[in-house]
Protein chains: 2
Amino acid sequence: MARAATTADAFNAVAEPRRRQILDVLADGELPVNDLVRVLALGQPQVSKHLRVLRDVGLVHVREEGRRRIYRINGHSLKPIHDWVKTYERSWSERFDRLDVVLADLKHGEGDGRSDE
Amino acid sequence: MARAATTADAFNAVAEPRRRQILDVLADGELPVNDLVRVLALGQPQVSKHLRVLRDVGLVHVREEGRRRIYRINGHSLKPIHDWVKTYERSWSERFDRLDVVLADLKHGEGDGRSDE
DNA sequence: GACATACATTCCGATATAGGTATATAACCT
DNA sequence: AGGTTATATACCTATATCGGAATGTATGTC
């Protein structure tokens with residue numbers, strides 16, 4: 001075997017900076033492809049291809065309107081990423097500092113509740 | 001130009017399932033390479049290479065102990081991902097539902113505060 | 001119908017990897 | 001020193017893309 005497919009899930013879809021950029025633009029509201037092309041200063045086929053990847057992963061939805069395709073973001077597909085990353089939040093979030101202290105105290109003085117022995 | 005480098009940042013480093021797996025294992029505590037090899041049932045070179053990528057991105061730190069290298073997770077490098085994904089959290093989190101209602105009300109009946117018109 | 005517009009897809013070439021095997025390096029042991 | 005263990009790196013191959021250009025397809029307009 002060789003290189004694994006990298007666009008099959010949200011993690012990979014979002015690993016590409018251009019695709020994150022597309023999502024960031026769409027976060028402000030749905031847009032047709034051409035508007036995205038203008039905003040991103042990218043080739044139309046490139047944008048279409050990135051949108052294809054995002055669509056396959058469920059990160060965007062399309063609505064047909066005449067000859068235009070309006071793309072809308074579907075942030076829900078980002079939840080798996082959020083859930084995974086969240087478990088590591090304690091590494092940097094000060095919110096957990098207090099909790100860690102409490103947990104350390106509990107571990108230390110179980111059966112007592114006091115940490116000064 | 002052609003394909004862009006994909007392992008240069010945390011987003012890409014974490015897009016590879018094996019690497020997420022490695023981080024998940026290390027989340028339970030630091031480990032030397034060989035232990036990771038055993039736990040993950042992967043080839044030693046493969047593990048070393050994945051660790052190399054994670055190290056380059058700052059997701060893990062190494063400590064030398066004799067001929068062993070103890071790898072420790074550095075979740076802090078996941079913060080950029082968390083920060084980015086977080087902005088989309090409203091898409092799925094019910095926490096934001098109430099907030100959205102409030103905001104809609106504000107927008108609707110500004111100067112009044114009541115939403116039943 | 002002829003033409004333009006909006007978008008998707010196909011084909012191409014370049015390159016970045018992922019896995020596998022073999023090898024290099026360094027530390028430990030006898 | 002010689003051998004074993006732990007880990008990293010080099011090399012090879014297959015493949016997954018990325019960007020770019022050309023083409024296909026559907027819709028709107030005259």
# chains A, B, ... in the order shown; residues from 1 in each chain; ligands from 1
$ residues_around --residues "stretch 23-25 of chain C" --least-positions-apart "6" --cutoff "12 Å" --atoms "only C-alpha atoms (C1' of nucleotides)" --output "VMD selection string"
(chain B and resid 45 67) or (chain D and resid 6 to 11)
$ closest_atom_pairs --of "chain B" --to "chain A" --cutoff "6 Å" --atoms "only C-alpha atoms" --output "Markdown table"
| residue | atom | partner | partner_atom | distance |
| --- | --- | --- | --- | --- |
| B:Phe11 | CA | A:Ala15 | CA | 5.0 |
| B:Asn12 | CA | A:Ala15 | CA | 5.0 |
| B:Ala15 | CA | A:Asn12 | CA | 5.0 |
| B:Gly75 | CA | A:Ser91 | CA | 5.1 |
| B:His76 | CA | A:Trp92 | CA | 5.2 |
| B:Tyr88 | CA | A:Gly75 | CA | 5.7 |
| B:Ser91 | CA | A:Gly75 | CA | 5.1 |
| B:Trp92 | CA | A:His76 | CA | 5.2 |
$ closest_atom_pairs --of "chain D" --to "chain A" --cutoff "7 Å" --atoms "only C-alpha atoms (C1' of nucleotides)" --output "Markdown table"
| residue | atom | partner | partner_atom | distance |
| --- | --- | --- | --- | --- |
| D:DA14 | C1' | A:Ala2 | CA | 5.3 |
| D:DT15 | C1' | A:Arg3 | CA | 5.6 |
| D:DA16 | C1' | A:Ala5 | CA | 5.9 |
| D:DA26 | C1' | A:Arg67 | CA | 6.9 |
| D:DT27 | C1' | A:Arg67 | CA | 4.8 |
$ write_last_selection --atoms "N, CA and C atoms (P, O5', C5', C4', C3', O3' and C1' of nucleotides)" --output "PDB file, in the first residue's frame"
ATOM      1  P    DA D  14       5.592   0.454  -8.025  1.00  0.00           P
ATOM      2  O5'  DA D  14       4.238   0.880  -7.319  1.00  0.00           O
ATOM      3  C5'  DA D  14       3.881   0.293  -6.063  1.00  0.00           C
ATOM      4  C4'  DA D  14       2.804   1.139  -5.406  1.00  0.00           C
ATOM      5  C3'  DA D  14       1.745   1.672  -6.378  1.00  0.00           C
ATOM      6  O3'  DA D  14       0.473   1.547  -5.781  1.00  0.00           O
ATOM      7  C1'  DA D  14       2.776   3.474  -5.253  1.00  0.00           C
ATOM      8  P    DT D  15      -0.826   1.873  -6.601  1.00  0.00           P
ATOM      9  O5'  DT D  15      -1.249   3.270  -5.999  1.00  0.00           O
ATOM     10  C5'  DT D  15      -1.327   3.405  -4.593  1.00  0.00           C
ATOM     11  C4'  DT D  15      -1.466   4.855  -4.222  1.00  0.00           C
ATOM     12  C3'  DT D  15      -2.490   5.621  -5.072  1.00  0.00           C
ATOM     13  O3'  DT D  15      -3.247   6.411  -4.195  1.00  0.00           O
ATOM     14  C1'  DT D  15      -0.514   6.807  -4.967  1.00  0.00           C
ATOM     15  P    DA D  16      -4.812   6.424  -4.282  1.00  0.00           P
ATOM     16  O5'  DA D  16      -5.105   7.691  -3.372  1.00  0.00           O
ATOM     17  C5'  DA D  16      -4.313   7.896  -2.216  1.00  0.00           C
ATOM     18  C4'  DA D  16      -4.001   9.369  -2.043  1.00  0.00           C
ATOM     19  C3'  DA D  16      -5.117  10.288  -2.525  1.00  0.00           C
ATOM     20  O3'  DA D  16      -5.240  11.338  -1.584  1.00  0.00           O
ATOM     21  C1'  DA D  16      -3.103  10.852  -3.610  1.00  0.00           C
ATOM     22  P    DA D  26     -26.450  18.268 -19.265  1.00  0.00           P
ATOM     23  O5'  DA D  26     -27.238  19.479 -18.610  1.00  0.00           O
ATOM     24  C5'  DA D  26     -26.963  19.838 -17.266  1.00  0.00           C
ATOM     25  C4'  DA D  26     -27.115  21.329 -17.099  1.00  0.00           C
ATOM     26  C3'  DA D  26     -28.442  21.888 -17.610  1.00  0.00           C
ATOM     27  O3'  DA D  26     -29.055  22.585 -16.552  1.00  0.00           O
ATOM     28  C1'  DA D  26     -26.624  23.188 -18.375  1.00  0.00           C
ATOM     29  P    DT D  27     -30.601  22.899 -16.632  1.00  0.00           P
ATOM     30  O5'  DT D  27     -30.614  24.487 -16.635  1.00  0.00           O
ATOM     31  C5'  DT D  27     -29.826  25.175 -15.672  1.00  0.00           C
ATOM     32  C4'  DT D  27     -29.518  26.565 -16.159  1.00  0.00           C
ATOM     33  C3'  DT D  27     -30.746  27.330 -16.665  1.00  0.00           C
ATOM     34  O3'  DT D  27     -30.849  28.521 -15.920  1.00  0.00           O
ATOM     35  C1'  DT D  27     -28.919  27.562 -18.153  1.00  0.00           C
TER      36       DT D  27
END
$ closest_residue --among "B:Lys49, B:His61, B:Leu54, B:Asp105" --to "chain C" --atoms "only C-alpha atoms (C1' of nucleotides)"
B:Lys49
$ select_by_dssp --residues "stretch 10-95 of chain A" --states "alpha helix (DSSP H)" --output "ChimeraX atom specification"
/A:10-13,17-26,33-40,44-56,79-86,95
$ write_last_selection --atoms "N, CA and C atoms" --output "CSV table (one decimal), in the first residue's frame"
chain,number,residue,atom,x,y,z
A,10,ALA,N,-13.4,15.0,7.4
A,10,ALA,CA,-13.3,16.4,7.7
A,10,ALA,C,-11.9,16.8,8.1
A,11,PHE,N,-11.2,16.0,8.8
A,11,PHE,CA,-9.9,16.3,9.2
A,11,PHE,C,-9.0,16.6,8.0
A,12,ASN,N,-9.1,15.8,7.0
A,12,ASN,CA,-8.3,16.0,5.9
A,12,ASN,C,-8.8,17.2,5.0
A,13,ALA,N,-10.1,17.2,4.9
A,13,ALA,CA,-10.7,18.3,4.1
A,13,ALA,C,-10.2,19.7,4.6
A,17,PRO,N,-5.3,24.6,3.5
A,17,PRO,CA,-5.6,26.0,3.8
A,17,PRO,C,-6.7,26.7,3.0
A,18,ARG,N,-6.6,26.4,1.7
A,18,ARG,CA,-7.6,27.0,0.8
A,18,ARG,C,-9.0,26.6,1.2
A,19,ARG,N,-9.2,25.4,1.6
A,19,ARG,CA,-10.5,25.0,2.0
A,19,ARG,C,-11.0,25.6,3.3
A,20,ARG,N,-10.1,25.8,4.2
A,20,ARG,CA,-10.4,26.5,5.4
A,20,ARG,C,-10.8,27.9,5.0
A,21,GLN,N,-10.1,28.5,4.1
A,21,GLN,CA,-10.4,29.9,3.6
A,21,GLN,C,-11.8,29.9,3.1
A,22,ILE,N,-12.1,28.9,2.2
A,22,ILE,CA,-13.5,28.9,1.7
A,22,ILE,C,-14.5,28.8,2.7
A,23,LEU,N,-14.3,28.0,3.7
A,23,LEU,CA,-15.3,27.9,4.8
A,23,LEU,C,-15.4,29.2,5.6
A,24,ASP,N,-14.3,29.9,5.8
A,24,ASP,CA,-14.3,31.1,6.5
A,24,ASP,C,-15.1,32.2,5.7
A,25,VAL,N,-15.0,32.1,4.4
A,25,VAL,CA,-15.8,33.1,3.6
A,25,VAL,C,-17.2,32.7,3.7
A,26,LEU,N,-17.5,31.5,3.5
A,26,LEU,CA,-18.9,31.0,3.6
A,26,LEU,C,-19.6,31.2,4.9
A,33,VAL,N,-20.5,30.0,-6.7
A,33,VAL,CA,-19.1,29.7,-7.0
A,33,VAL,C,-18.3,30.9,-7.5
A,34,ASN,N,-18.9,31.6,-8.4
A,34,ASN,CA,-18.2,32.8,-9.0
A,34,ASN,C,-17.8,33.8,-8.0
A,35,ASP,N,-18.7,34.0,-7.0
A,35,ASP,CA,-18.3,35.0,-6.0
A,35,ASP,C,-17.1,34.5,-5.2
A,36,LEU,N,-17.1,33.2,-4.9
A,36,LEU,CA,-16.0,32.7,-4.2
A,36,LEU,C,-14.7,32.8,-5.0
A,37,VAL,N,-14.8,32.6,-6.3
A,37,VAL,CA,-13.7,32.8,-7.2
A,37,VAL,C,-13.1,34.2,-7.1
A,38,ARG,N,-14.0,35.1,-7.1
A,38,ARG,CA,-13.6,36.5,-7.0
A,38,ARG,C,-12.9,36.8,-5.7
A,39,VAL,N,-13.6,36.4,-4.6
A,39,VAL,CA,-13.1,36.7,-3.3
A,39,VAL,C,-11.8,36.1,-3.0
A,40,LEU,N,-11.6,34.8,-3.5
A,40,LEU,CA,-10.4,34.1,-3.1
A,40,LEU,C,-9.3,34.3,-4.2
A,44,GLN,N,-11.4,29.2,-11.2
A,44,GLN,CA,-12.7,28.6,-11.0
A,44,GLN,C,-12.7,27.1,-10.9
A,45,PRO,N,-11.9,26.4,-11.7
A,45,PRO,CA,-11.9,25.0,-11.5
A,45,PRO,C,-11.3,24.6,-10.1
A,46,GLN,N,-10.3,25.3,-9.7
A,46,GLN,CA,-9.8,25.0,-8.4
A,46,GLN,C,-10.8,25.2,-7.3
A,47,VAL,N,-11.5,26.3,-7.4
A,47,VAL,CA,-12.6,26.5,-6.4
A,47,VAL,C,-13.6,25.3,-6.4
A,48,SER,N,-14.0,25.0,-7.6
A,48,SER,CA,-15.0,24.0,-7.8
A,48,SER,C,-14.5,22.6,-7.2
A,49,LYS,N,-13.2,22.4,-7.4
A,49,LYS,CA,-12.7,21.1,-6.9
A,49,LYS,C,-12.6,21.1,-5.4
A,50,HIS,N,-12.2,22.2,-4.8
A,50,HIS,CA,-12.2,22.3,-3.4
A,50,HIS,C,-13.6,22.1,-2.8
A,51,LEU,N,-14.5,22.8,-3.5
A,51,LEU,CA,-15.9,22.7,-3.0
A,51,LEU,C,-16.4,21.2,-3.1
A,52,ARG,N,-15.9,20.6,-4.1
A,52,ARG,CA,-16.3,19.2,-4.3
A,52,ARG,C,-15.9,18.3,-3.1
A,53,VAL,N,-14.6,18.6,-2.7
A,53,VAL,CA,-14.1,17.9,-1.5
A,53,VAL,C,-14.9,18.2,-0.3
A,54,LEU,N,-15.2,19.5,-0.1
A,54,LEU,CA,-15.9,19.9,1.1
A,54,LEU,C,-17.3,19.3,1.1
A,55,ARG,N,-17.9,19.2,-0.1
A,55,ARG,CA,-19.2,18.7,-0.3
A,55,ARG,C,-19.2,17.2,0.1
A,56,ASP,N,-18.2,16.5,-0.4
A,56,ASP,CA,-18.2,15.0,-0.2
A,56,ASP,C,-18.1,14.7,1.3
A,79,LYS,N,-17.9,19.0,13.9
A,79,LYS,CA,-18.0,18.6,15.3
A,79,LYS,C,-17.0,17.5,15.7
A,80,PRO,N,-16.8,16.5,14.8
A,80,PRO,CA,-15.9,15.4,15.1
A,80,PRO,C,-14.5,16.0,15.5
A,81,ILE,N,-14.1,17.0,14.7
A,81,ILE,CA,-12.8,17.6,14.9
A,81,ILE,C,-12.8,18.3,16.3
A,82,HIS,N,-13.9,19.1,16.5
A,82,HIS,CA,-14.0,19.8,17.8
A,82,HIS,C,-13.9,18.9,18.9
A,83,ASP,N,-14.7,17.8,18.8
A,83,ASP,CA,-14.8,16.8,19.9
A,83,ASP,C,-13.4,16.2,20.2
A,84,TRP,N,-12.7,15.9,19.1
A,84,TRP,CA,-11.4,15.3,19.3
A,84,TRP,C,-10.4,16.3,20.0
A,85,VAL,N,-10.3,17.5,19.4
A,85,VAL,CA,-9.4,18.5,19.9
A,85,VAL,C,-9.7,18.9,21.4
A,86,LYS,N,-11.0,18.9,21.6
A,86,LYS,CA,-11.5,19.4,22.9
A,86,LYS,C,-10.9,18.6,24.1
A,95,ARG,N,-8.8,27.5,32.1
A,95,ARG,CA,-10.0,27.0,32.7
A,95,ARG,C,-9.7,25.8,33.5
